[in-house]
Structure formats: C-alpha cells, structure tokens
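The structure file start_15.cif is reproduced below (mmCIF, N, CA and C atoms).
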data_upload
#
loop_
_atom_site.label_atom_id
_atom_site.label_comp_id
_atom_site.auth_asym_id
_atom_site.auth_seq_id
_atom_site.Cartn_x
_atom_site.Cartn_y
_atom_site.Cartn_z
N MET A 58 -5.17 -19.98 36.43
CA MET A 58 -4.60 -19.60 35.14
C MET A 58 -5.61 -18.73 34.39
N GLN A 59 -5.15 -17.58 33.92
CA GLN A 59 -6.03 -16.64 33.24
C GLN A 59 -6.07 -16.96 31.74
N SER A 60 -7.26 -16.87 31.18
CA SER A 60 -7.43 -17.17 29.77
C SER A 60 -6.95 -15.99 28.92
N PHE A 61 -6.35 -16.27 27.78
CA PHE A 61 -5.94 -15.22 26.86
C PHE A 61 -7.07 -14.85 25.90
N LEU A 62 -8.17 -15.60 25.92
CA LEU A 62 -9.26 -15.38 24.99
C LEU A 62 -9.86 -13.98 25.07
N PRO A 63 -10.16 -13.44 26.28
CA PRO A 63 -10.71 -12.08 26.31
C PRO A 63 -9.75 -11.04 25.72
N ARG A 64 -8.45 -11.20 25.97
CA ARG A 64 -7.48 -10.26 25.40
C ARG A 64 -7.42 -10.40 23.88
N LEU A 65 -7.51 -11.63 23.39
CA LEU A 65 -7.48 -11.87 21.96
C LEU A 65 -8.70 -11.23 21.30
N SER A 66 -9.86 -11.38 21.91
CA SER A 66 -11.07 -10.80 21.35
C SER A 66 -10.99 -9.28 21.35
N LEU A 67 -10.46 -8.70 22.41
CA LEU A 67 -10.31 -7.25 22.47
C LEU A 67 -9.34 -6.78 21.40
N PHE A 68 -8.23 -7.52 21.20
CA PHE A 68 -7.27 -7.17 20.17
C PHE A 68 -7.93 -7.21 18.80
N ALA A 69 -8.71 -8.25 18.52
CA ALA A 69 -9.39 -8.36 17.22
C ALA A 69 -10.35 -7.21 17.01
N LEU A 70 -11.06 -6.81 18.05
CA LEU A 70 -12.00 -5.71 17.94
C LEU A 70 -11.26 -4.40 17.67
N VAL A 71 -10.18 -4.15 18.39
CA VAL A 71 -9.40 -2.94 18.17
C VAL A 71 -8.82 -2.93 16.76
N ALA A 72 -8.31 -4.06 16.29
CA ALA A 72 -7.76 -4.14 14.94
C ALA A 72 -8.84 -3.85 13.90
N LEU A 73 -10.03 -4.37 14.11
CA LEU A 73 -11.13 -4.14 13.18
C LEU A 73 -11.53 -2.67 13.17
N LEU A 74 -11.60 -2.06 14.34
CA LEU A 74 -12.02 -0.66 14.44
C LEU A 74 -10.99 0.30 13.89
N THR A 75 -9.73 -0.10 13.84
CA THR A 75 -8.69 0.80 13.34
C THR A 75 -8.43 0.63 11.85
N LEU A 76 -9.13 -0.26 11.18
CA LEU A 76 -8.97 -0.38 9.73
C LEU A 76 -9.39 0.92 9.07
N PRO A 77 -8.69 1.36 8.04
CA PRO A 77 -9.10 2.58 7.36
C PRO A 77 -10.46 2.39 6.70
N MET A 78 -11.21 3.46 6.64
CA MET A 78 -12.50 3.39 5.96
C MET A 78 -12.27 3.00 4.51
N GLY A 79 -13.08 2.13 3.99
CA GLY A 79 -12.94 1.70 2.60
C GLY A 79 -11.90 0.62 2.40
N ALA A 80 -11.39 0.03 3.48
CA ALA A 80 -10.35 -0.99 3.34
C ALA A 80 -10.92 -2.32 2.86
N LEU A 81 -12.22 -2.42 2.77
CA LEU A 81 -12.83 -3.66 2.30
C LEU A 81 -12.57 -3.84 0.82
N ALA A 82 -12.38 -5.06 0.41
CA ALA A 82 -12.07 -5.35 -0.99
C ALA A 82 -13.17 -4.87 -1.93
N ALA A 83 -14.40 -4.86 -1.48
CA ALA A 83 -15.51 -4.43 -2.33
C ALA A 83 -15.38 -2.96 -2.73
N ASP A 84 -14.65 -2.17 -1.94
CA ASP A 84 -14.49 -0.75 -2.22
C ASP A 84 -13.32 -0.44 -3.15
N LEU A 85 -12.61 -1.45 -3.58
CA LEU A 85 -11.44 -1.23 -4.42
C LEU A 85 -11.83 -1.12 -5.89
N PRO A 86 -11.07 -0.34 -6.66
CA PRO A 86 -11.33 -0.27 -8.10
C PRO A 86 -11.19 -1.65 -8.75
N ASP A 87 -11.91 -1.86 -9.83
CA ASP A 87 -11.88 -3.16 -10.53
C ASP A 87 -10.49 -3.52 -11.05
N ARG A 88 -9.64 -2.54 -11.27
CA ARG A 88 -8.30 -2.80 -11.81
C ARG A 88 -7.39 -3.54 -10.84
N VAL A 89 -7.72 -3.56 -9.56
CA VAL A 89 -6.89 -4.22 -8.55
C VAL A 89 -7.03 -5.72 -8.71
N SER A 90 -5.90 -6.44 -8.78
CA SER A 90 -5.93 -7.89 -9.00
C SER A 90 -6.62 -8.61 -7.86
N GLU A 91 -7.14 -9.79 -8.15
CA GLU A 91 -7.85 -10.58 -7.14
C GLU A 91 -6.96 -10.89 -5.94
N TYR A 92 -5.72 -11.26 -6.19
CA TYR A 92 -4.82 -11.58 -5.08
C TYR A 92 -4.57 -10.35 -4.21
N ALA A 93 -4.32 -9.21 -4.85
CA ALA A 93 -4.01 -7.99 -4.10
C ALA A 93 -5.19 -7.51 -3.26
N ARG A 94 -6.42 -7.77 -3.71
CA ARG A 94 -7.60 -7.34 -2.97
C ARG A 94 -7.59 -7.85 -1.53
N ALA A 95 -7.04 -9.02 -1.33
CA ALA A 95 -7.02 -9.61 0.01
C ALA A 95 -5.67 -9.41 0.68
N ASN A 96 -4.82 -8.56 0.12
CA ASN A 96 -3.46 -8.45 0.61
C ASN A 96 -3.07 -7.00 0.88
N LEU A 97 -3.76 -6.37 1.83
CA LEU A 97 -3.42 -5.03 2.29
C LEU A 97 -2.14 -5.15 3.11
N VAL A 98 -1.06 -4.52 2.66
CA VAL A 98 0.23 -4.70 3.33
C VAL A 98 0.71 -3.46 4.08
N LEU A 99 0.14 -2.30 3.79
CA LEU A 99 0.62 -1.08 4.43
C LEU A 99 -0.43 0.00 4.31
N THR A 100 -0.59 0.79 5.36
CA THR A 100 -1.45 1.97 5.33
C THR A 100 -0.65 3.14 5.87
N VAL A 101 -0.61 4.24 5.11
CA VAL A 101 0.07 5.46 5.55
C VAL A 101 -0.99 6.53 5.68
N ARG A 102 -1.00 7.20 6.84
CA ARG A 102 -2.00 8.24 7.09
C ARG A 102 -1.34 9.62 7.15
N ALA A 103 -2.05 10.62 6.65
CA ALA A 103 -1.60 12.00 6.73
C ALA A 103 -2.29 12.67 7.92
N ALA A 104 -1.52 13.26 8.78
CA ALA A 104 -2.11 13.98 9.91
C ALA A 104 -1.42 15.33 10.02
N PRO A 105 -2.05 16.41 9.70
CA PRO A 105 -3.44 16.53 9.26
C PRO A 105 -3.59 16.12 7.79
N ALA A 106 -4.83 16.00 7.38
CA ALA A 106 -5.13 15.60 6.00
C ALA A 106 -4.59 16.66 5.03
N LEU A 107 -4.23 16.22 3.86
CA LEU A 107 -3.78 17.14 2.81
C LEU A 107 -4.98 17.85 2.21
N ASP A 108 -4.72 18.82 1.33
CA ASP A 108 -5.80 19.61 0.74
C ASP A 108 -6.68 18.81 -0.20
N SER A 109 -6.09 17.82 -0.90
CA SER A 109 -6.88 17.07 -1.89
C SER A 109 -6.24 15.71 -2.16
N ALA A 110 -7.04 14.86 -2.77
CA ALA A 110 -6.51 13.56 -3.21
C ALA A 110 -5.47 13.77 -4.31
N GLY A 111 -5.63 14.82 -5.12
CA GLY A 111 -4.65 15.12 -6.16
C GLY A 111 -3.29 15.46 -5.59
N GLN A 112 -3.27 16.18 -4.48
CA GLN A 112 -2.00 16.49 -3.81
C GLN A 112 -1.35 15.21 -3.30
N MET A 113 -2.16 14.32 -2.72
CA MET A 113 -1.62 13.04 -2.25
C MET A 113 -1.07 12.24 -3.42
N ARG A 114 -1.79 12.24 -4.54
CA ARG A 114 -1.35 11.51 -5.74
C ARG A 114 0.03 11.97 -6.17
N GLU A 115 0.26 13.27 -6.23
CA GLU A 115 1.55 13.80 -6.67
C GLU A 115 2.67 13.42 -5.70
N ILE A 116 2.41 13.47 -4.42
CA ILE A 116 3.42 13.09 -3.42
C ILE A 116 3.76 11.61 -3.56
N VAL A 117 2.75 10.78 -3.73
CA VAL A 117 2.98 9.33 -3.86
C VAL A 117 3.76 9.04 -5.14
N ARG A 118 3.39 9.66 -6.25
CA ARG A 118 4.10 9.46 -7.53
C ARG A 118 5.58 9.83 -7.40
N ARG A 119 5.85 11.01 -6.87
CA ARG A 119 7.24 11.47 -6.72
C ARG A 119 8.04 10.54 -5.82
N THR A 120 7.43 10.13 -4.72
CA THR A 120 8.11 9.24 -3.78
C THR A 120 8.44 7.91 -4.43
N ALA A 121 7.48 7.34 -5.15
CA ALA A 121 7.69 6.04 -5.80
C ALA A 121 8.75 6.13 -6.89
N ILE A 122 8.70 7.16 -7.70
CA ILE A 122 9.68 7.33 -8.78
C ILE A 122 11.07 7.53 -8.20
N HIS A 123 11.17 8.28 -7.11
CA HIS A 123 12.46 8.47 -6.46
C HIS A 123 13.06 7.13 -6.00
N ARG A 124 12.21 6.20 -5.61
CA ARG A 124 12.66 4.87 -5.18
C ARG A 124 12.74 3.89 -6.35
N GLU A 125 12.66 4.40 -7.58
CA GLU A 125 12.83 3.63 -8.82
C GLU A 125 11.68 2.67 -9.13
N TRP A 126 10.50 2.91 -8.56
CA TRP A 126 9.31 2.15 -8.94
C TRP A 126 8.81 2.75 -10.24
N GLN A 127 8.31 1.90 -11.14
CA GLN A 127 7.69 2.36 -12.38
C GLN A 127 6.20 2.54 -12.14
N VAL A 128 5.66 3.66 -12.59
CA VAL A 128 4.22 3.87 -12.54
C VAL A 128 3.65 3.24 -13.80
N ILE A 129 2.97 2.09 -13.63
CA ILE A 129 2.43 1.38 -14.79
C ILE A 129 0.94 1.63 -14.96
N GLY A 130 0.35 2.32 -14.01
CA GLY A 130 -1.06 2.69 -14.11
C GLY A 130 -1.34 3.91 -13.24
N ASP A 131 -1.95 4.91 -13.83
CA ASP A 131 -2.30 6.13 -13.09
C ASP A 131 -3.75 6.44 -13.42
N HIS A 132 -4.62 6.28 -12.44
CA HIS A 132 -6.05 6.42 -12.65
C HIS A 132 -6.62 7.41 -11.63
N PRO A 133 -6.44 8.73 -11.87
CA PRO A 133 -6.87 9.73 -10.90
C PRO A 133 -8.36 9.67 -10.59
N GLY A 134 -9.17 9.31 -11.58
CA GLY A 134 -10.62 9.23 -11.35
C GLY A 134 -11.00 8.13 -10.36
N GLU A 135 -10.13 7.14 -10.22
CA GLU A 135 -10.37 6.03 -9.29
C GLU A 135 -9.49 6.14 -8.05
N ASN A 136 -8.68 7.22 -7.96
CA ASN A 136 -7.71 7.39 -6.87
C ASN A 136 -6.83 6.15 -6.73
N LEU A 137 -6.26 5.72 -7.85
CA LEU A 137 -5.46 4.50 -7.90
C LEU A 137 -4.17 4.74 -8.68
N LEU A 138 -3.05 4.33 -8.08
CA LEU A 138 -1.77 4.26 -8.76
C LEU A 138 -1.32 2.81 -8.75
N VAL A 139 -0.76 2.34 -9.85
CA VAL A 139 -0.24 0.98 -9.92
C VAL A 139 1.26 1.10 -10.18
N LEU A 140 2.05 0.49 -9.28
CA LEU A 140 3.50 0.56 -9.36
C LEU A 140 4.07 -0.82 -9.60
N ASN A 141 5.22 -0.87 -10.25
CA ASN A 141 5.90 -2.15 -10.45
C ASN A 141 7.39 -1.95 -10.28
N LEU A 142 8.04 -2.94 -9.67
CA LEU A 142 9.48 -2.95 -9.53
C LEU A 142 9.96 -4.39 -9.69
N VAL A 143 10.83 -4.61 -10.66
CA VAL A 143 11.47 -5.91 -10.84
C VAL A 143 12.94 -5.69 -10.51
N HIS A 144 13.41 -6.43 -9.51
CA HIS A 144 14.79 -6.26 -9.07
C HIS A 144 15.29 -7.58 -8.52
N ARG A 145 16.46 -7.97 -8.97
CA ARG A 145 17.05 -9.25 -8.58
C ARG A 145 16.04 -10.36 -8.85
N ARG A 146 15.58 -11.00 -7.81
CA ARG A 146 14.64 -12.12 -7.99
C ARG A 146 13.26 -11.81 -7.45
N SER A 147 12.83 -10.57 -7.61
CA SER A 147 11.50 -10.17 -7.15
C SER A 147 10.79 -9.36 -8.22
N ASP A 148 9.50 -9.60 -8.35
CA ASP A 148 8.63 -8.85 -9.25
C ASP A 148 7.45 -8.40 -8.42
N SER A 149 7.41 -7.11 -8.09
CA SER A 149 6.39 -6.60 -7.18
C SER A 149 5.49 -5.60 -7.88
N THR A 150 4.21 -5.81 -7.76
CA THR A 150 3.20 -4.87 -8.24
C THR A 150 2.42 -4.40 -7.03
N LEU A 151 2.36 -3.09 -6.87
CA LEU A 151 1.61 -2.49 -5.77
C LEU A 151 0.46 -1.68 -6.33
N TYR A 152 -0.69 -1.83 -5.72
CA TYR A 152 -1.87 -1.03 -6.05
C TYR A 152 -2.04 -0.06 -4.88
N LEU A 153 -1.93 1.24 -5.16
CA LEU A 153 -2.04 2.24 -4.11
C LEU A 153 -3.36 2.98 -4.28
N VAL A 154 -4.22 2.83 -3.28
CA VAL A 154 -5.52 3.51 -3.26
C VAL A 154 -5.38 4.66 -2.27
N TYR A 155 -5.71 5.86 -2.70
CA TYR A 155 -5.43 7.03 -1.87
C TYR A 155 -6.61 7.99 -1.83
N ASP A 156 -6.61 8.83 -0.81
CA ASP A 156 -7.46 10.01 -0.72
C ASP A 156 -6.63 11.08 -0.03
N GLU A 157 -7.23 12.16 0.45
CA GLU A 157 -6.44 13.22 1.06
C GLU A 157 -5.89 12.86 2.44
N GLU A 158 -6.34 11.75 3.02
CA GLU A 158 -5.90 11.35 4.36
C GLU A 158 -5.07 10.08 4.40
N THR A 159 -5.27 9.16 3.46
CA THR A 159 -4.73 7.82 3.59
C THR A 159 -4.23 7.28 2.25
N VAL A 160 -3.15 6.50 2.32
CA VAL A 160 -2.69 5.70 1.17
C VAL A 160 -2.67 4.25 1.64
N ARG A 161 -3.39 3.39 0.92
CA ARG A 161 -3.40 1.96 1.25
C ARG A 161 -2.65 1.20 0.16
N PHE A 162 -1.73 0.36 0.56
CA PHE A 162 -0.89 -0.42 -0.35
C PHE A 162 -1.40 -1.85 -0.39
N TYR A 163 -1.76 -2.32 -1.58
CA TYR A 163 -2.16 -3.71 -1.79
C TYR A 163 -1.09 -4.33 -2.68
N SER A 164 -0.62 -5.52 -2.32
CA SER A 164 0.52 -6.11 -3.01
C SER A 164 0.13 -7.38 -3.77
N ASP A 165 0.69 -7.50 -4.97
CA ASP A 165 0.60 -8.71 -5.78
C ASP A 165 2.03 -8.98 -6.25
N SER A 166 2.81 -9.64 -5.39
CA SER A 166 4.25 -9.74 -5.61
C SER A 166 4.72 -11.19 -5.66
N TRP A 167 5.79 -11.39 -6.43
CA TRP A 167 6.30 -12.74 -6.68
C TRP A 167 7.80 -12.81 -6.48
N GLN A 168 8.25 -13.98 -6.10
CA GLN A 168 9.66 -14.31 -6.10
C GLN A 168 9.93 -14.99 -7.45
N LEU A 169 11.07 -14.69 -8.06
CA LEU A 169 11.40 -15.23 -9.38
C LEU A 169 12.56 -16.20 -9.29
N ASP A 170 12.58 -17.18 -10.22
CA ASP A 170 13.75 -18.06 -10.30
C ASP A 170 14.78 -17.40 -11.22
N ARG A 171 15.87 -18.08 -11.48
CA ARG A 171 16.97 -17.51 -12.29
C ARG A 171 16.55 -17.18 -13.72
N GLN A 172 15.55 -17.89 -14.23
CA GLN A 172 15.08 -17.64 -15.59
C GLN A 172 14.01 -16.55 -15.65
N GLY A 173 13.61 -16.04 -14.49
CA GLY A 173 12.60 -14.99 -14.45
C GLY A 173 11.18 -15.51 -14.34
N ASN A 174 11.01 -16.81 -14.10
CA ASN A 174 9.68 -17.40 -13.92
C ASN A 174 9.21 -17.22 -12.48
N ARG A 175 7.93 -17.03 -12.31
CA ARG A 175 7.38 -16.88 -10.97
C ARG A 175 7.53 -18.17 -10.19
N ARG A 176 8.07 -18.05 -8.98
CA ARG A 176 8.33 -19.22 -8.15
C ARG A 176 7.38 -19.31 -6.97
N GLY A 177 6.98 -18.20 -6.42
CA GLY A 177 6.07 -18.19 -5.27
C GLY A 177 5.85 -16.76 -4.82
N ARG A 178 4.88 -16.60 -3.94
CA ARG A 178 4.56 -15.27 -3.42
C ARG A 178 5.66 -14.79 -2.47
N ALA A 179 5.95 -13.51 -2.53
CA ALA A 179 6.94 -12.91 -1.64
C ALA A 179 6.64 -11.42 -1.51
N GLU A 180 6.46 -10.96 -0.30
CA GLU A 180 6.19 -9.54 -0.07
C GLU A 180 7.50 -8.77 -0.01
N PRO A 181 7.54 -7.61 -0.62
CA PRO A 181 8.76 -6.80 -0.63
C PRO A 181 8.88 -5.96 0.65
N THR A 182 9.08 -6.59 1.78
CA THR A 182 9.01 -5.89 3.07
C THR A 182 10.03 -4.74 3.18
N GLY A 183 11.23 -4.95 2.73
CA GLY A 183 12.22 -3.88 2.79
C GLY A 183 11.84 -2.71 1.89
N TRP A 184 11.36 -3.02 0.70
CA TRP A 184 10.94 -1.97 -0.23
C TRP A 184 9.75 -1.20 0.33
N LEU A 185 8.82 -1.92 0.96
CA LEU A 185 7.66 -1.27 1.58
C LEU A 185 8.09 -0.37 2.73
N ARG A 186 9.04 -0.84 3.53
CA ARG A 186 9.54 -0.05 4.65
C ARG A 186 10.15 1.27 4.13
N ASN A 187 10.90 1.19 3.03
CA ASN A 187 11.49 2.40 2.44
C ASN A 187 10.41 3.36 1.93
N LEU A 188 9.42 2.82 1.23
CA LEU A 188 8.32 3.67 0.74
C LEU A 188 7.56 4.29 1.90
N ASP A 189 7.30 3.52 2.95
CA ASP A 189 6.59 4.02 4.12
C ASP A 189 7.36 5.18 4.73
N ARG A 190 8.63 5.01 4.96
CA ARG A 190 9.45 6.06 5.57
C ARG A 190 9.48 7.32 4.71
N ASP A 191 9.75 7.16 3.41
CA ASP A 191 9.83 8.31 2.52
C ASP A 191 8.49 9.01 2.36
N LEU A 192 7.44 8.22 2.21
CA LEU A 192 6.12 8.80 2.00
C LEU A 192 5.64 9.54 3.26
N THR A 193 5.87 8.97 4.42
CA THR A 193 5.49 9.63 5.67
C THR A 193 6.20 10.98 5.79
N ARG A 194 7.49 11.01 5.48
CA ARG A 194 8.27 12.26 5.54
C ARG A 194 7.74 13.27 4.51
N ASN A 195 7.51 12.83 3.28
CA ASN A 195 7.06 13.74 2.23
C ASN A 195 5.66 14.29 2.49
N ILE A 196 4.79 13.49 3.07
CA ILE A 196 3.45 13.98 3.43
C ILE A 196 3.56 15.02 4.52
N ALA A 197 4.40 14.76 5.52
CA ALA A 197 4.57 15.72 6.63
C ALA A 197 5.11 17.04 6.10
N LEU A 198 6.08 16.99 5.17
CA LEU A 198 6.62 18.22 4.60
C LEU A 198 5.56 18.99 3.83
N ALA A 199 4.71 18.29 3.10
CA ALA A 199 3.65 18.95 2.32
C ALA A 199 2.59 19.56 3.21
N ALA A 200 2.37 18.98 4.38
CA ALA A 200 1.32 19.46 5.29
C ALA A 200 1.76 20.69 6.07
N GLU A 201 3.05 21.01 6.06
CA GLU A 201 3.55 22.17 6.83
C GLU A 201 3.10 23.47 6.24
#
In structure tokens, how does this file's structure come out?
Amino acid sequence: MQSFLPRLSLFALVALLTLPMGALAADLPDRVSEYARANLVLTVRAAPALDSAGQMREIVRRTAIHREWQVIGDHPGENLLVLNLVHRRSDSTLYLVYDEETVRFYSDSWQLDRQGNRRGRAEPTGWLRNLDRDLTRNIALAAE
C-alpha cells in the first residue's frame, strides 16, 4: 500500500509556492478586518499585467458596481477597495487588495437572521464566482 503522505507534502509545497506575493496577512493594509486577514477567498491574475495599479482599480470598481456592490472604501494609496453587499440574508464585506497583476479578495461575510442580526459566517461563493468571471473578462479586454 502506497502512502499518500509524499503526495500531500508535494501538494502543500506547490500550494505555498503558488500563493501571490504579498498574500501574507502582515502585508495587508491596517483597514482590513482581523477576520478577513485570514480569509483569502479569491485571487484573480492579469496576464499580461496591466499598465498600472490605477488601471486595475478602475476595472475592479466598474465590475463591482455593475454587480451592485457598494464601494464603501476606496484607498488608492494603499491599493485597497472595500466592497459591501447586503442581499436577502447575507451581509458581505470584501477587501480587495490589488496591483497591476493581481486582485486578492479577502472576505468578512455573515449570514443574517430575519431581523437582520448576524447569525454566523457565510462566504458569498456565488457572488464571488460572478465577480471572478466578470473581472477576468474585463481585465482581458483592457489588456488587448
């Protein structure tokens, strides 16, 4: 019987090596919540890289607004956008850290009860999938 341990170790090493540069919580702006610092939920890469972080910022803003996310924080000096969407029984806050090559999504999201009180953590996987798809397309169009 062959052990799965060597494959697991190789997988962990590959996963570690493919993390985006600066993905460590220590590299995040102070405005990012404590919970979100440990909750990287999505990384979108531009290939090839865009001309500037400012260009990436504008693409991310337009994409998020098109999907009805509210921009509740815009900090170009820190390369940080803070988005919020409250819909049905979910309250999601995303911290987007970006540069000309990468957008990293950190989530601080909650499930709500009928009265609007926080009930427990819940990631907006469908909403993230939509943002990922739209953002990937919009970055590709901008890079042409």
Any idea what's packed within 7 Å of Glu135 (chain A), counting only N, CA and C atoms, ignoring anything in its chain fewer than 2 positions away? Could you give it as a tab-separated table (two decimals) with N, CA and C atoms, in the coordinates of the input?
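Once written, around-v9.tsv looks like this:
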chain	number	residue	atom	x	y	z
A	86	PRO	N	-11.07	-0.34	-6.66
A	86	PRO	CA	-11.33	-0.27	-8.10
A	86	PRO	C	-11.19	-1.65	-8.75
A	132	HIS	N	-4.62	6.28	-12.44
A	132	HIS	CA	-6.05	6.42	-12.65
A	132	HIS	C	-6.62	7.41	-11.63
A	133	PRO	N	-6.44	8.73	-11.87
A	133	PRO	CA	-6.87	9.73	-10.90
A	133	PRO	C	-8.36	9.67	-10.59
A	137	LEU	N	-6.26	5.72	-7.85
A	137	LEU	CA	-5.46	4.50	-7.90
A	137	LEU	C	-4.17	4.74	-8.68
A	138	LEU	N	-3.05	4.33	-8.08
A	138	LEU	CA	-1.77	4.26	-8.76
A	138	LEU	C	-1.32	2.81	-8.75
A	154	VAL	N	-4.22	2.83	-3.28
A	154	VAL	CA	-5.52	3.51	-3.26
A	154	VAL	C	-5.38	4.66	-2.27
A	155	TYR	N	-5.71	5.86	-2.70
A	155	TYR	CA	-5.43	7.03	-1.87
A	155	TYR	C	-6.61	7.99	-1.83
Expected answer as a PyMOL selection string: strand (DSSP E) residues in chain A: chain A and resi 97-102+127-132+137-144+147-155+159-169+175-178
Let me see the file: selected residues, N, CA and C atoms, as a CSV table (one decimal), keeping the file's coordinate frame.
chain,number,residue,atom,x,y,z
A,97,LEU,N,-3.8,-6.4,1.8
A,97,LEU,CA,-3.4,-5.0,2.3
A,97,LEU,C,-2.1,-5.2,3.1
A,98,VAL,N,-1.1,-4.5,2.7
A,98,VAL,CA,0.2,-4.7,3.3
A,98,VAL,C,0.7,-3.5,4.1
A,99,LEU,N,0.1,-2.3,3.8
A,99,LEU,CA,0.6,-1.1,4.4
A,99,LEU,C,-0.4,0.0,4.3
A,100,THR,N,-0.6,0.8,5.4
A,100,THR,CA,-1.4,2.0,5.3
A,100,THR,C,-0.6,3.1,5.9
A,101,VAL,N,-0.6,4.2,5.1
A,101,VAL,CA,0.1,5.5,5.6
A,101,VAL,C,-1.0,6.5,5.7
A,102,ARG,N,-1.0,7.2,6.8
A,102,ARG,CA,-2.0,8.2,7.1
A,102,ARG,C,-1.3,9.6,7.2
A,127,GLN,N,8.3,1.9,-11.1
A,127,GLN,CA,7.7,2.4,-12.4
A,127,GLN,C,6.2,2.5,-12.1
A,128,VAL,N,5.7,3.7,-12.6
A,128,VAL,CA,4.2,3.9,-12.5
A,128,VAL,C,3.6,3.2,-13.8
A,129,ILE,N,3.0,2.1,-13.6
A,129,ILE,CA,2.4,1.4,-14.8
A,129,ILE,C,0.9,1.6,-15.0
A,130,GLY,N,0.4,2.3,-14.0
A,130,GLY,CA,-1.1,2.7,-14.1
A,130,GLY,C,-1.3,3.9,-13.2
A,131,ASP,N,-2.0,4.9,-13.8
A,131,ASP,CA,-2.3,6.1,-13.1
A,131,ASP,C,-3.8,6.4,-13.4
A,132,HIS,N,-4.6,6.3,-12.4
A,132,HIS,CA,-6.0,6.4,-12.6
A,132,HIS,C,-6.6,7.4,-11.6
A,137,LEU,N,-6.3,5.7,-7.8
A,137,LEU,CA,-5.5,4.5,-7.9
A,137,LEU,C,-4.2,4.7,-8.7
A,138,LEU,N,-3.0,4.3,-8.1
A,138,LEU,CA,-1.8,4.3,-8.8
A,138,LEU,C,-1.3,2.8,-8.8
A,139,VAL,N,-0.8,2.3,-9.8
A,139,VAL,CA,-0.2,1.0,-9.9
A,139,VAL,C,1.3,1.1,-10.2
A,140,LEU,N,2.0,0.5,-9.3
A,140,LEU,CA,3.5,0.6,-9.4
A,140,LEU,C,4.1,-0.8,-9.6
A,141,ASN,N,5.2,-0.9,-10.2
A,141,ASN,CA,5.9,-2.2,-10.4
A,141,ASN,C,7.4,-2.0,-10.3
A,142,LEU,N,8.0,-2.9,-9.7
A,142,LEU,CA,9.5,-3.0,-9.5
A,142,LEU,C,10.0,-4.4,-9.7
A,143,VAL,N,10.8,-4.6,-10.7
A,143,VAL,CA,11.5,-5.9,-10.8
A,143,VAL,C,12.9,-5.7,-10.5
A,144,HIS,N,13.4,-6.4,-9.5
A,144,HIS,CA,14.8,-6.3,-9.1
A,144,HIS,C,15.3,-7.6,-8.5
A,147,SER,N,12.8,-10.6,-7.6
A,147,SER,CA,11.5,-10.2,-7.2
A,147,SER,C,10.8,-9.4,-8.2
A,148,ASP,N,9.5,-9.6,-8.4
A,148,ASP,CA,8.6,-8.8,-9.2
A,148,ASP,C,7.4,-8.4,-8.4
A,149,SER,N,7.4,-7.1,-8.1
A,149,SER,CA,6.4,-6.6,-7.2
A,149,SER,C,5.5,-5.6,-7.9
A,150,THR,N,4.2,-5.8,-7.8
A,150,THR,CA,3.2,-4.9,-8.2
A,150,THR,C,2.4,-4.4,-7.0
A,151,LEU,N,2.4,-3.1,-6.9
A,151,LEU,CA,1.6,-2.5,-5.8
A,151,LEU,C,0.5,-1.7,-6.3
A,152,TYR,N,-0.7,-1.8,-5.7
A,152,TYR,CA,-1.9,-1.0,-6.0
A,152,TYR,C,-2.0,-0.1,-4.9
A,153,LEU,N,-1.9,1.2,-5.2
A,153,LEU,CA,-2.0,2.2,-4.1
A,153,LEU,C,-3.4,3.0,-4.3
A,154,VAL,N,-4.2,2.8,-3.3
A,154,VAL,CA,-5.5,3.5,-3.3
A,154,VAL,C,-5.4,4.7,-2.3
A,155,TYR,N,-5.7,5.9,-2.7
A,155,TYR,CA,-5.4,7.0,-1.9
A,155,TYR,C,-6.6,8.0,-1.8
A,159,THR,N,-5.3,9.2,3.5
A,159,THR,CA,-4.7,7.8,3.6
A,159,THR,C,-4.2,7.3,2.2
A,160,VAL,N,-3.2,6.5,2.3
A,160,VAL,CA,-2.7,5.7,1.2
A,160,VAL,C,-2.7,4.2,1.6
A,161,ARG,N,-3.4,3.4,0.9
A,161,ARG,CA,-3.4,2.0,1.2
A,161,ARG,C,-2.6,1.2,0.2
A,162,PHE,N,-1.7,0.4,0.6
A,162,PHE,CA,-0.9,-0.4,-0.4
A,162,PHE,C,-1.4,-1.8,-0.4
A,163,TYR,N,-1.8,-2.3,-1.6
A,163,TYR,CA,-2.2,-3.7,-1.8
A,163,TYR,C,-1.1,-4.3,-2.7
A,164,SER,N,-0.6,-5.5,-2.3
A,164,SER,CA,0.5,-6.1,-3.0
A,164,SER,C,0.1,-7.4,-3.8
A,165,ASP,N,0.7,-7.5,-5.0
A,165,ASP,CA,0.6,-8.7,-5.8
A,165,ASP,C,2.0,-9.0,-6.2
A,166,SER,N,2.8,-9.6,-5.4
A,166,SER,CA,4.2,-9.7,-5.6
A,166,SER,C,4.7,-11.2,-5.7
A,167,TRP,N,5.8,-11.4,-6.4
A,167,TRP,CA,6.3,-12.7,-6.7
A,167,TRP,C,7.8,-12.8,-6.5
A,168,GLN,N,8.2,-14.0,-6.1
A,168,GLN,CA,9.7,-14.3,-6.1
A,168,GLN,C,9.9,-15.0,-7.4
A,169,LEU,N,11.1,-14.7,-8.1
A,169,LEU,CA,11.4,-15.2,-9.4
A,169,LEU,C,12.6,-16.2,-9.3
A,175,ARG,N,7.9,-17.0,-12.3
A,175,ARG,CA,7.4,-16.9,-11.0
A,175,ARG,C,7.5,-18.2,-10.2
A,176,ARG,N,8.1,-18.0,-9.0
A,176,ARG,CA,8.3,-19.2,-8.2
A,176,ARG,C,7.4,-19.3,-7.0
A,177,GLY,N,7.0,-18.2,-6.4
A,177,GLY,CA,6.1,-18.2,-5.3
A,177,GLY,C,5.8,-16.8,-4.8
A,178,ARG,N,4.9,-16.6,-3.9
A,178,ARG,CA,4.6,-15.3,-3.4
A,178,ARG,C,5.7,-14.8,-2.5
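Here CA of Pro105 (chain A) is placed at a distance of 13.0 Å from CA of Arg194 (chain A).
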Atom pair atom N of Ser109 (chain A) / atom C of Ile122 (chain A): separation (Å): 21.3 Å
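Distances to Arg190 (chain A) were evaluated for A:Leu153, A:Leu99, A:Leu142, A:Ile129 using only C-alpha atoms, and the minimum falls at A:Leu99.
Among A:Glu125, A:Asp131, A:Asp165, A:Glu157, the residue with the shortest atom-to-atom distance to Asp108 (chain A), counting only C-alpha atoms, is A:Glu157.
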One-decimal distance in Å that lies between CA of Leu107 (chain A) and atom N of Val143 (chain A): 29.5 Å
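Within 7 Å of the point (-2.5, -11.3, -8.5) in file coordinates, and counting all atoms listed in the file, lie the residues Ser90, Glu91, Tyr92, Ala93, Ser164, Asp165 and Ser166 of chain A.
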Near-Phe162 (chain A) list (7 Å; all atoms listed in the file; drop same-chain fewer than 6 positions) as a list in words: Asn96, Leu97, Val98, Leu99, Thr100, Val101, Leu151, Tyr152, Leu153 and Val154 of chain A
Output of the PyMOL selection byres ((chain A and resi 147) around 8), listed as a ChimeraX atom specification: /A:142-146,148-150,166-170,179,181
